[in-house]
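Chemist: Can you keep this structure in mind? I'll have questions shortly.
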There are 2 protein chains.
Amino acid sequence: MHVLISGAAGMIGQRLAARIAREGACAGTPLTRLTLTDVVTPPRPAGFDGPIEARTEDSSSAAVAAELAALRPDIVFHLAAIISGEAERDFDKGYRINLDGMRNLLEAIRQESAKNGPYVPKLVFSSSSGIFGAPFPPAISDEFHVTPLTSYGAQKAIGELLLADYSRRGFVDGVGIRFPSIVIRPGKPNASAGGFFSGIIREPLQGQEALLPVADDVIFTHASPRSAVGFLLHGASLSREQLGPRINLSMPGVCVTVGEQIEALRRIAGDRAVKLIRRAPDKAAADIVKGWPTRFDAKRALSLGFTAEQDFDEIIRVHIEDDLGGRLPN
Amino acid sequence: MHVLISGAAGMIGQRLAARIAREGACAGTPLTRLTLTDVVTPPRPAGFDGPIEARTEDSSSAAVAAELAALRPDIVFHLAAIISGEAERDFDKGYRINLDGMRNLLEAIRQESAKNGPYVPKLVFSSSSGIFGAPFPPAISDEFHVTPLTSYGAQKAIGELLLADYSRRGFVDGVGIRFPSIVIRPGKPNASAGGFFSGIIREPLQGQEALLPVADDVIFTHASPRSAVGFLLHGASLSREQLGPRINLSMPGVCVTVGEQIEALRRIAGDRAVKLIRRAPDKAAADIVKGWPTRFDAKRALSLGFTAEQDFDEIIRVHIEDDLGGRLPN
């Protein structure tokens with residue numbers, strides 16, 4: 001089983017590569033080869049003795065996509081993307097990486113098959129709940145309309161449509177994974193509009209102040225980076241028959257208010273941590289978040305066996321285990 | 001008011017051009033110039049004394065799109081498309097004309113604005129109920145999921161997403177019109193899977209036999225070519241404020257079974273006409289039609305003032321008026 005990961009230097013990409021290497025398998029089949037690609041050199045994961053190629057390149061170009069398809073990986077995890085804020089600031093770059101990158105990959109696979117004999121890999125596409133746009137019903141069903149309110153959301157929604165059509169035509173065996181908010185992201189605070197969802201937990205756990213730009217009653221659906229990797233791997237294991245024609249799936253998650261996030265933090269790290277959250281209302285941030293989806297019922301994903309955390313306390317504990325060495329810093 | 005119509009040699013394009021020329025106005029503003037483009041030379045409509053340019057070209061190319069945008073039409077009706085059956089047979093051509101053609105047009109408009117000063121035309125896009133795919137609820141609401149089961153449907157759905165994003169960013173002032181089945185198409189029987197919806201009325205009205213490949217209980221939503229033109233013109237007249245962010249709209253129509261179509265024919269042209277319909281069950285045709293949407297509630301379009309016929313009898317009468325000179329042939 002040869003596995004290719006694009007966007008392999010990203011937060012999710014690194015964890016996915018690490019887990020596949022550690023387990024020496026993917027989708028129930030032993031790993032024989034791992035190819036990683038990103039615009040910055042992806043780190044080489046430990047635990048796998050077979051060949052690992054770490055490529056530094058822009059995989060969104062047609063030429064690089066053709067090179068990658070010629071390697072004929074059995075499973076492709078297509079995670080490479082420009083994030084929401086950057087796609088909004090740089091219109092051309094967003095379309096080039098998020099739309100053309102996806103289309104070039106699909107075409108490269110189709111052309112590889114036409115040129116060198118049948119080749120239909122499993123293609124796991126990282127989509128986003130950003131394909132949805134307000135106004136929303138109380139819970140977003142699997143049959144809810146796709147009306148993104150960002151260029152990133154539009155590009156991901158187009159990627160889903162391409163993936164479904166190329167799959168229906170038999171060129172790839174696709175599955176689209178619509179991530180909820182993935183928290184708690186490790187590292188420094190960043191400028192993304194939703195960064196505070198991680199920040200109000202991550203910084204206080206480290207004894208540092210965190211800013212909260214929105215009201216406590218803002219509702220959002222979250223899952224951990226560990227669950228995100230689990231979604232991708234579970235997606236890779238599903239057959240066409242299990243998926244049916246609707247291959248793009250909203251993932252489950254923990255739906256909580258910001259206030260409930262804070263109470264989970266209090267249960268795990270005490271009042272001292274909670275006191276480090278400073279309310280700093282920011283109308284611009286609040287307006288952006290208002291357009292984002294709140295609550296998913298994710299029935300299909302749950303019935304197909306996708307799982308996330310049960311509550312926000314568990315998301316915090318996963319962060320402590322996976323990013324803080326299993327214990328709270330003093 | 002300078003109006004551009006792509007696909008102007010097509011059945012709807014010709015009627016749209018004819019009506020705009022006859023009325024000497026579009027969206028409530030006097031017509032000053034009319035530009036028509038298609039891969040075959042569009043006919044010049046009568047009744048308008050101002051400049052009419054009939055261009056013969058492939059407007060899906062970036063170069064031609066740039067030429068058209070440089071003309072700075074106030075309203076663009078983008079009807080140029082490869083139809084469903086052809087897009088399914090010729091994968092590359094479908095994506096080139098239906099997806100790249102739309103994207104090139106949007107980009108040409110954006111670049112024209114960037115190069116030569118603000119230019120934000122009204123862009124009316126002909127989409128299709130083919131963006132939806134089975135299984136369906138009893139009535140397809142305005143919030144139903146977009147899951148096309150044809151390449152044509154995928155390309156139209158992507159066109160809608162691009163239109164919405166370019167509109168949201170202020171590059172165009174877009175509206176997407178999702179046509180139901182448009183009947184009764186004049187002319188000869190054609191090979192399209194849904195051609196019989198027109199054929200079982202059109203041929204018997206002319207004293208000719210028509211084949212019916214599906215069962216009498218097949219349900220579908222129809223509107224006349226006259227209504228199709230009306231949808232486009234009404235779309236052009238709506239403001240951004242009226243449309244809000246969800247600019248792609250399912251149109252109303254007459255939802256009937258094939259059996260009800262036949263009874264309408266009987267009321268208008270008698271048993272003699274109905275006897276010319278010959279049942280010729282065709283599993284392939286039936287299977288294709290099974291994936292098509294049946295019934296729309298079209299609440300938003302109705303509330304925005306779009307109108308279609310009230311029953312199938314009226315659709316037949318419109319055909320007799322518009323295509324048969326107002327009376328039944330003997």
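Following the order of the structure tokens, chains are lettered A, B, ..., residues in each are numbered from 1, and ligands are numbered from 1.
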Mind listing the helix (DSSP H, G or I) residues of region 99-257 of chain B, per DSSP on the backbone, as a JSON list (two decimals) with N, CA and C atoms, in the first residue's frame?
Modeler:
```json
[["chain", "number", "residue", "atom", "x", "y", "z"],
["B", 99, "LEU", "N", -17.77, 24.53, -17.67],
["B", 99, "LEU", "CA", -17.07, 25.05, -16.49],
["B", 99, "LEU", "C", -16.07, 26.15, -16.89],
["B", 100, "ASP", "N", -15.12, 25.81, -17.76],
["B", 100, "ASP", "CA", -14.11, 26.82, -18.12],
["B", 100, "ASP", "C", -14.77, 28.03, -18.79],
["B", 101, "GLY", "N", -15.81, 27.78, -19.59],
["B", 101, "GLY", "CA", -16.49, 28.89, -20.26],
["B", 101, "GLY", "C", -17.05, 29.88, -19.24],
["B", 102, "MET", "N", -17.66, 29.37, -18.20],
["B", 102, "MET", "CA", -18.21, 30.23, -17.15],
["B", 102, "MET", "C", -17.10, 30.94, -16.39],
["B", 103, "ARG", "N", -16.07, 30.19, -16.04],
["B", 103, "ARG", "CA", -14.99, 30.78, -15.26],
["B", 103, "ARG", "C", -14.25, 31.84, -16.07],
["B", 104, "ASN", "N", -14.02, 31.55, -17.35],
["B", 104, "ASN", "CA", -13.34, 32.54, -18.21],
["B", 104, "ASN", "C", -14.14, 33.82, -18.34],
["B", 105, "LEU", "N", -15.45, 33.68, -18.43],
["B", 105, "LEU", "CA", -16.31, 34.87, -18.52],
["B", 105, "LEU", "C", -16.20, 35.70, -17.24],
["B", 106, "LEU", "N", -16.29, 35.03, -16.09],
["B", 106, "LEU", "CA", -16.20, 35.74, -14.81],
["B", 106, "LEU", "C", -14.85, 36.42, -14.66],
["B", 107, "GLU", "N", -13.79, 35.71, -15.00],
["B", 107, "GLU", "CA", -12.45, 36.27, -14.89],
["B", 107, "GLU", "C", -12.26, 37.44, -15.86],
["B", 108, "ALA", "N", -12.81, 37.31, -17.07],
["B", 108, "ALA", "CA", -12.69, 38.38, -18.06],
["B", 108, "ALA", "C", -13.34, 39.65, -17.54],
["B", 109, "ILE", "N", -14.49, 39.50, -16.90],
["B", 109, "ILE", "CA", -15.19, 40.66, -16.33],
["B", 109, "ILE", "C", -14.36, 41.28, -15.21],
["B", 110, "ARG", "N", -13.83, 40.43, -14.34],
["B", 110, "ARG", "CA", -13.01, 40.91, -13.23],
["B", 110, "ARG", "C", -11.75, 41.63, -13.75],
["B", 111, "GLN", "N", -11.12, 41.05, -14.75],
["B", 111, "GLN", "CA", -9.89, 41.65, -15.28],
["B", 111, "GLN", "C", -10.19, 42.95, -16.03],
["B", 112, "GLU", "N", -11.32, 42.98, -16.73],
["B", 112, "GLU", "CA", -11.71, 44.22, -17.43],
["B", 112, "GLU", "C", -11.86, 45.36, -16.42],
["B", 113, "SER", "N", -12.45, 45.03, -15.29],
["B", 113, "SER", "CA", -12.64, 46.02, -14.23],
["B", 113, "SER", "C", -11.29, 46.48, -13.68],
["B", 114, "ALA", "N", -10.39, 45.53, -13.47],
["B", 114, "ALA", "CA", -9.07, 45.85, -12.92],
["B", 114, "ALA", "C", -8.26, 46.70, -13.89],
["B", 115, "LYS", "N", -8.40, 46.42, -15.19],
["B", 115, "LYS", "CA", -7.58, 47.11, -16.20],
["B", 115, "LYS", "C", -8.13, 48.49, -16.55],
["B", 116, "ASN", "N", -9.45, 48.54, -16.77],
["B", 116, "ASN", "CA", -10.02, 49.74, -17.39],
["B", 116, "ASN", "C", -11.04, 50.48, -16.52],
["B", 129, "SER", "N", -32.09, 22.33, -13.18],
["B", 129, "SER", "CA", -32.51, 21.46, -12.08],
["B", 129, "SER", "C", -31.66, 20.20, -12.04],
["B", 130, "GLY", "N", -30.80, 20.00, -13.06],
["B", 130, "GLY", "CA", -29.86, 18.88, -13.08],
["B", 130, "GLY", "C", -28.77, 18.99, -12.02],
["B", 131, "ILE", "N", -28.70, 20.11, -11.30],
["B", 131, "ILE", "CA", -27.76, 20.20, -10.17],
["B", 131, "ILE", "C", -28.21, 19.31, -9.02],
["B", 151, "SER", "N", -22.40, 14.86, -15.31],
["B", 151, "SER", "CA", -21.31, 15.84, -15.42],
["B", 151, "SER", "C", -21.88, 17.22, -15.70],
["B", 152, "TYR", "N", -22.92, 17.27, -16.53],
["B", 152, "TYR", "CA", -23.60, 18.54, -16.80],
["B", 152, "TYR", "C", -24.08, 19.19, -15.50],
["B", 153, "GLY", "N", -24.74, 18.41, -14.67],
["B", 153, "GLY", "CA", -25.23, 18.92, -13.40],
["B", 153, "GLY", "C", -24.09, 19.42, -12.52],
["B", 154, "ALA", "N", -22.97, 18.67, -12.50],
["B", 154, "ALA", "CA", -21.81, 19.09, -11.70],
["B", 154, "ALA", "C", -21.27, 20.42, -12.23],
["B", 155, "GLN", "N", -21.19, 20.54, -13.56],
["B", 155, "GLN", "CA", -20.64, 21.76, -14.17],
["B", 155, "GLN", "C", -21.55, 22.96, -13.89],
["B", 156, "LYS", "N", -22.84, 22.77, -13.95],
["B", 156, "LYS", "CA", -23.77, 23.86, -13.65],
["B", 156, "LYS", "C", -23.70, 24.23, -12.17],
["B", 157, "ALA", "N", -23.59, 23.22, -11.31],
["B", 157, "ALA", "CA", -23.49, 23.50, -9.86],
["B", 157, "ALA", "C", -22.21, 24.28, -9.55],
["B", 158, "ILE", "N", -21.12, 23.93, -10.23],
["B", 158, "ILE", "CA", -19.87, 24.67, -10.03],
["B", 158, "ILE", "C", -20.02, 26.10, -10.56],
["B", 159, "GLY", "N", -20.69, 26.25, -11.69],
["B", 159, "GLY", "CA", -20.96, 27.58, -12.23],
["B", 159, "GLY", "C", -21.72, 28.43, -11.22],
["B", 160, "GLU", "N", -22.69, 27.83, -10.55],
["B", 160, "GLU", "CA", -23.46, 28.55, -9.52],
["B", 160, "GLU", "C", -22.56, 29.02, -8.38],
["B", 161, "LEU", "N", -21.66, 28.13, -7.94],
["B", 161, "LEU", "CA", -20.77, 28.49, -6.83],
["B", 161, "LEU", "C", -19.82, 29.61, -7.22],
["B", 162, "LEU", "N", -19.29, 29.54, -8.44],
["B", 162, "LEU", "CA", -18.41, 30.60, -8.92],
["B", 162, "LEU", "C", -19.19, 31.92, -9.01],
["B", 163, "LEU", "N", -20.37, 31.85, -9.58],
["B", 163, "LEU", "CA", -21.20, 33.05, -9.73],
["B", 163, "LEU", "C", -21.47, 33.70, -8.37],
["B", 164, "ALA", "N", -21.80, 32.86, -7.39],
["B", 164, "ALA", "CA", -22.11, 33.38, -6.05],
["B", 164, "ALA", "C", -20.87, 34.01, -5.41],
["B", 165, "ASP", "N", -19.71, 33.37, -5.60],
["B", 165, "ASP", "CA", -18.51, 33.92, -4.97],
["B", 165, "ASP", "C", -18.05, 35.21, -5.67],
["B", 166, "TYR", "N", -18.06, 35.22, -6.99],
["B", 166, "TYR", "CA", -17.70, 36.44, -7.72],
["B", 166, "TYR", "C", -18.70, 37.57, -7.41],
["B", 167, "SER", "N", -19.95, 37.22, -7.18],
["B", 167, "SER", "CA", -20.94, 38.25, -6.82],
["B", 167, "SER", "C", -20.68, 38.77, -5.41],
["B", 168, "ARG", "N", -20.42, 37.83, -4.48],
["B", 168, "ARG", "CA", -20.16, 38.22, -3.10],
["B", 168, "ARG", "C", -18.95, 39.15, -3.02],
["B", 195, "GLY", "N", -36.16, 14.07, -24.28],
["B", 195, "GLY", "CA", -36.81, 14.60, -25.49],
["B", 195, "GLY", "C", -38.27, 14.20, -25.63],
["B", 196, "PHE", "N", -38.60, 13.05, -25.07],
["B", 196, "PHE", "CA", -40.00, 12.57, -25.21],
["B", 196, "PHE", "C", -41.00, 13.47, -24.49],
["B", 197, "PHE", "N", -40.54, 14.22, -23.46],
["B", 197, "PHE", "CA", -41.49, 15.11, -22.75],
["B", 197, "PHE", "C", -42.09, 16.12, -23.73],
["B", 198, "SER", "N", -41.27, 16.58, -24.68],
["B", 198, "SER", "CA", -41.80, 17.43, -25.74],
["B", 198, "SER", "C", -42.45, 16.59, -26.83],
["B", 199, "GLY", "N", -41.79, 15.49, -27.20],
["B", 199, "GLY", "CA", -42.21, 14.71, -28.35],
["B", 199, "GLY", "C", -43.64, 14.19, -28.26],
["B", 200, "ILE", "N", -44.03, 13.74, -27.07],
["B", 200, "ILE", "CA", -45.37, 13.14, -26.95],
["B", 200, "ILE", "C", -46.49, 14.17, -27.10],
["B", 201, "ILE", "N", -46.14, 15.45, -27.09],
["B", 201, "ILE", "CA", -47.14, 16.49, -27.37],
["B", 201, "ILE", "C", -46.94, 17.01, -28.80],
["B", 202, "ARG", "N", -45.69, 17.36, -29.11],
["B", 202, "ARG", "CA", -45.38, 18.02, -30.38],
["B", 202, "ARG", "C", -45.76, 17.17, -31.58],
["B", 203, "GLU", "N", -45.33, 15.91, -31.61],
["B", 203, "GLU", "CA", -45.60, 15.06, -32.77],
["B", 203, "GLU", "C", -47.10, 14.81, -32.95],
["B", 204, "PRO", "N", -47.82, 14.38, -31.92],
["B", 204, "PRO", "CA", -49.27, 14.15, -32.12],
["B", 204, "PRO", "C", -50.01, 15.41, -32.59],
["B", 205, "LEU", "N", -49.59, 16.60, -32.12],
["B", 205, "LEU", "CA", -50.24, 17.83, -32.59],
["B", 205, "LEU", "C", -50.06, 18.00, -34.10],
["B", 225, "PRO", "N", -40.93, 27.44, -23.15],
["B", 225, "PRO", "CA", -39.84, 28.32, -23.59],
["B", 225, "PRO", "C", -40.17, 29.79, -23.30],
["B", 226, "ARG", "N", -41.44, 30.17, -23.44],
["B", 226, "ARG", "CA", -41.82, 31.56, -23.14],
["B", 226, "ARG", "C", -41.54, 31.88, -21.68],
["B", 227, "SER", "N", -41.88, 30.94, -20.77],
["B", 227, "SER", "CA", -41.58, 31.14, -19.35],
["B", 227, "SER", "C", -40.08, 31.19, -19.11],
["B", 228, "ALA", "N", -39.32, 30.35, -19.83],
["B", 228, "ALA", "CA", -37.86, 30.34, -19.66],
["B", 228, "ALA", "C", -37.30, 31.73, -19.94],
["B", 229, "VAL", "N", -37.75, 32.34, -21.03],
["B", 229, "VAL", "CA", -37.32, 33.71, -21.36],
["B", 229, "VAL", "C", -37.76, 34.67, -20.27],
["B", 230, "GLY", "N", -38.97, 34.48, -19.78],
["B", 230, "GLY", "CA", -39.47, 35.32, -18.69],
["B", 230, "GLY", "C", -38.63, 35.20, -17.43],
["B", 231, "PHE", "N", -38.21, 33.97, -17.11],
["B", 231, "PHE", "CA", -37.34, 33.78, -15.94],
["B", 231, "PHE", "C", -36.05, 34.61, -16.08],
["B", 232, "LEU", "N", -35.44, 34.52, -17.26],
["B", 232, "LEU", "CA", -34.17, 35.22, -17.48],
["B", 232, "LEU", "C", -34.35, 36.73, -17.36],
["B", 233, "LEU", "N", -35.41, 37.23, -17.96],
["B", 233, "LEU", "CA", -35.64, 38.69, -17.93],
["B", 233, "LEU", "C", -35.99, 39.15, -16.52],
["B", 234, "HIS", "N", -36.79, 38.36, -15.83],
["B", 234, "HIS", "CA", -37.13, 38.76, -14.45],
["B", 234, "HIS", "C", -35.89, 38.70, -13.57],
["B", 235, "GLY", "N", -35.05, 37.69, -13.77],
["B", 235, "GLY", "CA", -33.78, 37.59, -13.03],
["B", 235, "GLY", "C", -32.93, 38.83, -13.23],
["B", 236, "ALA", "N", -32.89, 39.30, -14.49],
["B", 236, "ALA", "CA", -32.08, 40.49, -14.81],
["B", 236, "ALA", "C", -32.60, 41.73, -14.12],
["B", 237, "SER", "N", -33.88, 41.73, -13.76],
["B", 237, "SER", "CA", -34.48, 42.93, -13.17],
["B", 237, "SER", "C", -34.35, 42.99, -11.65],
["B", 240, "ARG", "N", -29.55, 43.26, -6.13],
["B", 240, "ARG", "CA", -28.79, 42.54, -5.11],
["B", 240, "ARG", "C", -29.54, 42.46, -3.79],
["B", 241, "GLU", "N", -30.16, 43.54, -3.42],
["B", 241, "GLU", "CA", -30.87, 43.59, -2.15],
["B", 241, "GLU", "C", -32.03, 42.61, -2.16],
["B", 242, "GLN", "N", -32.73, 42.54, -3.30],
["B", 242, "GLN", "CA", -33.84, 41.60, -3.39],
["B", 242, "GLN", "C", -33.34, 40.15, -3.32],
["B", 243, "LEU", "N", -32.19, 39.90, -3.94],
["B", 243, "LEU", "CA", -31.70, 38.52, -4.03],
["B", 243, "LEU", "C", -31.05, 38.04, -2.74]]
```
Chemist: Could you name the residues that touch region 123-127 of chain B at 7 Å or less, counting only C-alpha atoms, but leaving out those on the same chain fewer than 5 positions away, as a PyMOL selection string?
Modeler: chain B and resi 75-79+156+172-179+232+235-236
Chemist: Record the distance separating CA of Ala8 (chain B) and CA of Leu238 (chain B), expressed in Å with one decimal.
Modeler: 21.9 Å
Chemist: Contacts of Ala273 (chain A) at 8 Å or less, counting only C-alpha atoms, minus same-chain residues fewer than 4 places along, as an MDAnalysis selection string?
Modeler: chainID A and resid 204:205 207 265:266 269 277
Chemist: Pick from A:Pro42, A:Gly194, A:Gly10, A:Gly291: nearest to chain B, with only C-alpha atoms counted?
Modeler: A:Gly291
Chemist: Rank nothing, just name the residue among B:Arg295, B:Arg19, B:His222, B:Lys290 nearest to Gln261 (chain B), using only C-alpha atoms.
Modeler: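 Smallest separation from Gln261 (chain B) among the options: B:His222.
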Chemist: I'd like the neighbourhood of Glu263 (chain B) as a ChimeraX atom specification, where a residue qualifies if any of its atoms comes within 12 Å (using only C-alpha atoms), though same-chain residues fewer than 5 positions away should be ignored.
Modeler: /B:200-201,216,256-258,268-271,273-275,277,311-313,316
